[in-house]
Amino acid sequence: MTKSLSRRHFAKISTGAAALALAGCNTIPKDTYPPEAQAPRPDLVPDSSFAANYSARPDERFPLPAIDPEILAPEFRRRRVSYDSGERPGTLIVDTSDFYLYLVEPAGSAMRYGVGLGRAGFEWSGRARVAWKRPWPKWTPPDSMIARDPKLEKWSVRNGGMPPGLKNPLGARALYIFEGKVDTLYRLHGTNEPQSIGKAVSSGCVRMINQDAIDLYDRVKSNAPILVT
């Protein structure tokens, strides 16, 4: 399933940034590839076993529980895939039509992650960069979200935001996306709602299983380019 962005994905790129109303939107064996229990597919190679990728993380600042395999569909589990994007290695590509995030690697492959998308996750497309990376970030809902749900005022910028933790909507890691020096308000982040992966949800940007957000955080360099289609 080699994908060609020049044929399909680039046709959907919008080059400008839209004004957004966003949700403020460890060592594992990463390069061992055990055989799959089901019939092999040449386009998909497991990064490692589900247990290794999605087990509990007791050593995190806020210990993470393991992910139930019944919640995360096989097609949205972290995998290394064949992927001919035409982008240089290290580039992030968010495919909003298929609910995937790709980290481009050399030799025509990419690490692929399943994601969930909120309204804001569909509202911006184009090219930008990863300006900041934050472990266990605060969450500060924008005023537009607070206007829809006044109960969120207690977590506003004026009140210091929501402290990090398992209940924080940004989860264990967040990447902050800028165009030049301008914050797009677009975020790639963990989530406390693993059942939302592969779905369009009510608010937020690009959400990932916390274990996947940690894996991506460890692989991505600051100022890495990102393309959202």
# chains A, B, ... in the order shown; residues from 1 in each chain; ligands from 1
$ residues_around --residues "region 98-104 of chain A" --least-positions-apart "4" --cutoff "7 Å" --atoms "only C-alpha atoms" --output "list in words"
Arg88, Pro89, Gly90, Thr91, Leu92, Ile93, Val94, Ser109, Ala110, Met111, Arg112, Tyr113, Gly114, Val115, Gly116 and Gly198 of chain A
$ write_last_selection --atoms "N, CA, C and O atoms" --output "PDB file, in the first residue's frame"
ATOM      1  N   ARG A  88      11.243  14.601   2.797  1.00  0.00           N
ATOM      2  CA  ARG A  88      12.513  14.164   3.365  1.00  0.00           C
ATOM      3  C   ARG A  88      12.307  13.476   4.711  1.00  0.00           C
ATOM      4  O   ARG A  88      11.336  13.765   5.421  1.00  0.00           O
ATOM      5  N   PRO A  89      13.193  12.553   5.087  1.00  0.00           N
ATOM      6  CA  PRO A  89      13.065  11.873   6.385  1.00  0.00           C
ATOM      7  C   PRO A  89      13.003  12.871   7.534  1.00  0.00           C
ATOM      8  O   PRO A  89      13.677  13.897   7.532  1.00  0.00           O
ATOM      9  N   GLY A  90      12.176  12.531   8.518  1.00  0.00           N
ATOM     10  CA  GLY A  90      11.965  13.411   9.657  1.00  0.00           C
ATOM     11  C   GLY A  90      10.723  14.262   9.541  1.00  0.00           C
ATOM     12  O   GLY A  90      10.297  14.885  10.517  1.00  0.00           O
ATOM     13  N   THR A  91      10.111  14.289   8.354  1.00  0.00           N
ATOM     14  CA  THR A  91       8.885  15.063   8.141  1.00  0.00           C
ATOM     15  C   THR A  91       7.686  14.330   8.734  1.00  0.00           C
ATOM     16  O   THR A  91       7.568  13.105   8.616  1.00  0.00           O
ATOM     17  N   LEU A  92       6.797  15.081   9.350  1.00  0.00           N
ATOM     18  CA  LEU A  92       5.528  14.551   9.835  1.00  0.00           C
ATOM     19  C   LEU A  92       4.439  14.862   8.817  1.00  0.00           C
ATOM     20  O   LEU A  92       4.371  15.984   8.299  1.00  0.00           O
ATOM     21  N   ILE A  93       3.604  13.880   8.535  1.00  0.00           N
ATOM     22  CA  ILE A  93       2.471  14.077   7.626  1.00  0.00           C
ATOM     23  C   ILE A  93       1.207  13.611   8.333  1.00  0.00           C
ATOM     24  O   ILE A  93       1.127  12.463   8.780  1.00  0.00           O
ATOM     25  N   VAL A  94       0.236  14.505   8.447  1.00  0.00           N
ATOM     26  CA  VAL A  94      -1.054  14.166   9.041  1.00  0.00           C
ATOM     27  C   VAL A  94      -2.050  14.019   7.908  1.00  0.00           C
ATOM     28  O   VAL A  94      -2.331  14.977   7.177  1.00  0.00           O
ATOM     29  N   SER A 109       9.985   4.282   3.730  1.00  0.00           N
ATOM     30  CA  SER A 109       9.158   3.775   4.820  1.00  0.00           C
ATOM     31  C   SER A 109       8.751   4.921   5.731  1.00  0.00           C
ATOM     32  O   SER A 109       9.257   6.046   5.629  1.00  0.00           O
ATOM     33  N   ALA A 110       7.811   4.642   6.621  1.00  0.00           N
ATOM     34  CA  ALA A 110       7.372   5.634   7.608  1.00  0.00           C
ATOM     35  C   ALA A 110       6.845   4.904   8.824  1.00  0.00           C
ATOM     36  O   ALA A 110       6.359   3.767   8.724  1.00  0.00           O
ATOM     37  N   MET A 111       6.956   5.549   9.968  1.00  0.00           N
ATOM     38  CA  MET A 111       6.266   5.061  11.157  1.00  0.00           C
ATOM     39  C   MET A 111       4.872   5.662  11.126  1.00  0.00           C
ATOM     40  O   MET A 111       4.711   6.876  11.008  1.00  0.00           O
ATOM     41  N   ARG A 112       3.867   4.808  11.202  1.00  0.00           N
ATOM     42  CA  ARG A 112       2.478   5.262  11.088  1.00  0.00           C
ATOM     43  C   ARG A 112       1.751   5.073  12.407  1.00  0.00           C
ATOM     44  O   ARG A 112       1.854   4.027  13.049  1.00  0.00           O
ATOM     45  N   TYR A 113       1.009   6.101  12.781  1.00  0.00           N
ATOM     46  CA  TYR A 113       0.238   6.101  14.025  1.00  0.00           C
ATOM     47  C   TYR A 113      -1.230   6.399  13.702  1.00  0.00           C
ATOM     48  O   TYR A 113      -1.529   7.293  12.900  1.00  0.00           O
ATOM     49  N   GLY A 114      -2.138   5.695  14.347  1.00  0.00           N
ATOM     50  CA  GLY A 114      -3.542   6.068  14.260  1.00  0.00           C
ATOM     51  C   GLY A 114      -3.812   7.276  15.130  1.00  0.00           C
ATOM     52  O   GLY A 114      -3.241   7.414  16.213  1.00  0.00           O
ATOM     53  N   VAL A 115      -4.690   8.161  14.665  1.00  0.00           N
ATOM     54  CA  VAL A 115      -5.000   9.376  15.419  1.00  0.00           C
ATOM     55  C   VAL A 115      -6.507   9.592  15.458  1.00  0.00           C
ATOM     56  O   VAL A 115      -7.265   9.024  14.673  1.00  0.00           O
ATOM     57  N   GLY A 116      -6.919  10.416  16.400  1.00  0.00           N
ATOM     58  CA  GLY A 116      -8.281  10.926  16.433  1.00  0.00           C
ATOM     59  C   GLY A 116      -8.234  12.403  16.114  1.00  0.00           C
ATOM     60  O   GLY A 116      -7.235  13.077  16.354  1.00  0.00           O
ATOM     61  N   GLY A 198      -9.048   7.056  15.509  1.00  0.00           N
ATOM     62  CA  GLY A 198      -9.732   6.650  14.283  1.00  0.00           C
ATOM     63  C   GLY A 198     -11.097   7.288  14.115  1.00  0.00           C
ATOM     64  O   GLY A 198     -11.831   6.934  13.195  1.00  0.00           O
TER      65      GLY A 198
END
$ select_by_dssp --residues "region 47-114 of chain A" --states "alpha helix (DSSP H)" --output "ChimeraX atom specification"
/A:50-54
$ closest_atom_pairs --of "region 111-216 of chain A" --to "region 58-82 of chain A" --cutoff "12 Å" --atoms "only C-alpha atoms" --output "CSV"
residue,atom,partner,partner_atom,distance
A:Met111,CA,A:Arg80,CA,4.4
A:Arg112,CA,A:Arg79,CA,5.3
A:Tyr113,CA,A:Arg78,CA,4.7
A:Gly114,CA,A:Phe76,CA,4.1
A:Val115,CA,A:Phe76,CA,7.4
A:Gly116,CA,A:Phe76,CA,9.8
A:Pro135,CA,A:Arg61,CA,9.2
A:Trp136,CA,A:Arg61,CA,7.9
A:Pro137,CA,A:Arg61,CA,11.5
A:Pro163,CA,A:Phe62,CA,11.7
A:Pro164,CA,A:Phe62,CA,8.6
A:Gly165,CA,A:Phe62,CA,6.1
A:Leu166,CA,A:Phe62,CA,6.7
A:Lys167,CA,A:Phe62,CA,10.2
A:Asn168,CA,A:Phe62,CA,11.0
A:Gly171,CA,A:Phe62,CA,9.9
A:Ala172,CA,A:Phe62,CA,8.2
A:Arg173,CA,A:Glu60,CA,11.1
A:Gly190,CA,A:Leu64,CA,11.4
A:Thr191,CA,A:Leu64,CA,11.2
A:Asn192,CA,A:Leu64,CA,9.8
A:Glu193,CA,A:Ile71,CA,10.0
A:Pro194,CA,A:Ile71,CA,7.0
A:Gln195,CA,A:Ile71,CA,5.6
A:Ser196,CA,A:Leu72,CA,9.0
A:Ile197,CA,A:Leu72,CA,7.2
A:Gly198,CA,A:Phe76,CA,6.8
A:Lys199,CA,A:Phe76,CA,10.5
A:Met208,CA,A:Phe76,CA,9.9
A:Ile209,CA,A:Ile67,CA,8.4
A:Asn210,CA,A:Leu64,CA,8.0
A:Gln211,CA,A:Leu64,CA,8.3
A:Asp212,CA,A:Arg78,CA,7.1
A:Ala213,CA,A:Arg78,CA,10.4
A:Ile214,CA,A:Glu60,CA,10.1
A:Asp215,CA,A:Arg78,CA,9.4
A:Leu216,CA,A:Arg78,CA,10.1
$ atom_distance --atom1 "CA of Gly126 (chain A)" --atom2 "CA of Tyr186 (chain A)"
11.2 Å
$ select_by_dssp --residues "region 11-207 of chain A" --states "strand (DSSP E or B)" --output "VMD selection string"
chain A and resid 44 to 46 57 64 79 to 82 84 92 to 95 100 to 105 109 to 114 116 to 117 126 to 135 139 162 173 to 179 182 to 191 200 206 to 207
$ atom_distance --atom1 "CA of Asp95 (chain A)" --atom2 "CA of Ala52 (chain A)"
25.7 Å
$ residues_around --residues "Gly118 (chain A)" --least-positions-apart "4" --cutoff "12 Å" --atoms "only C-alpha atoms" --output "PyMOL selection string"
chain A and resi 20-25+96+99+122-124+169+186-189+191+196-208
$ residues_around --residues "Tyr176 (chain A)" --least-positions-apart "4" --cutoff "6 Å" --atoms "only C-alpha atoms" --output "mmCIF file with C-alpha atoms, in the first residue's frame"
data_model
loop_
_atom_site.group_PDB
_atom_site.id
_atom_site.type_symbol
_atom_site.label_atom_id
_atom_site.label_comp_id
_atom_site.auth_asym_id
_atom_site.auth_seq_id
_atom_site.Cartn_x
_atom_site.Cartn_y
_atom_site.Cartn_z
ATOM 1 C CA VAL A 130 7.320 21.542 15.307
ATOM 2 C CA ALA A 131 8.360 24.559 17.396
ATOM 3 C CA TRP A 132 8.049 23.049 20.870
ATOM 4 C CA ARG A 187 -1.272 20.415 18.397
#
$ atom_distance --atom1 "CA of Glu105 (chain A)" --atom2 "CA of Ser85 (chain A)"
9.9 Å
$ closest_residue --among "A:Ala128, A:Ile226, A:Leu152, A:Leu117" --to "Thr184 (chain A)" --atoms "only C-alpha atoms"
A:Ala128
$ closest_residue --among "A:Arg134, A:Asn159, A:Arg129, A:Pro225" --to "Asp183 (chain A)" --atoms "only C-alpha atoms"
A:Arg129
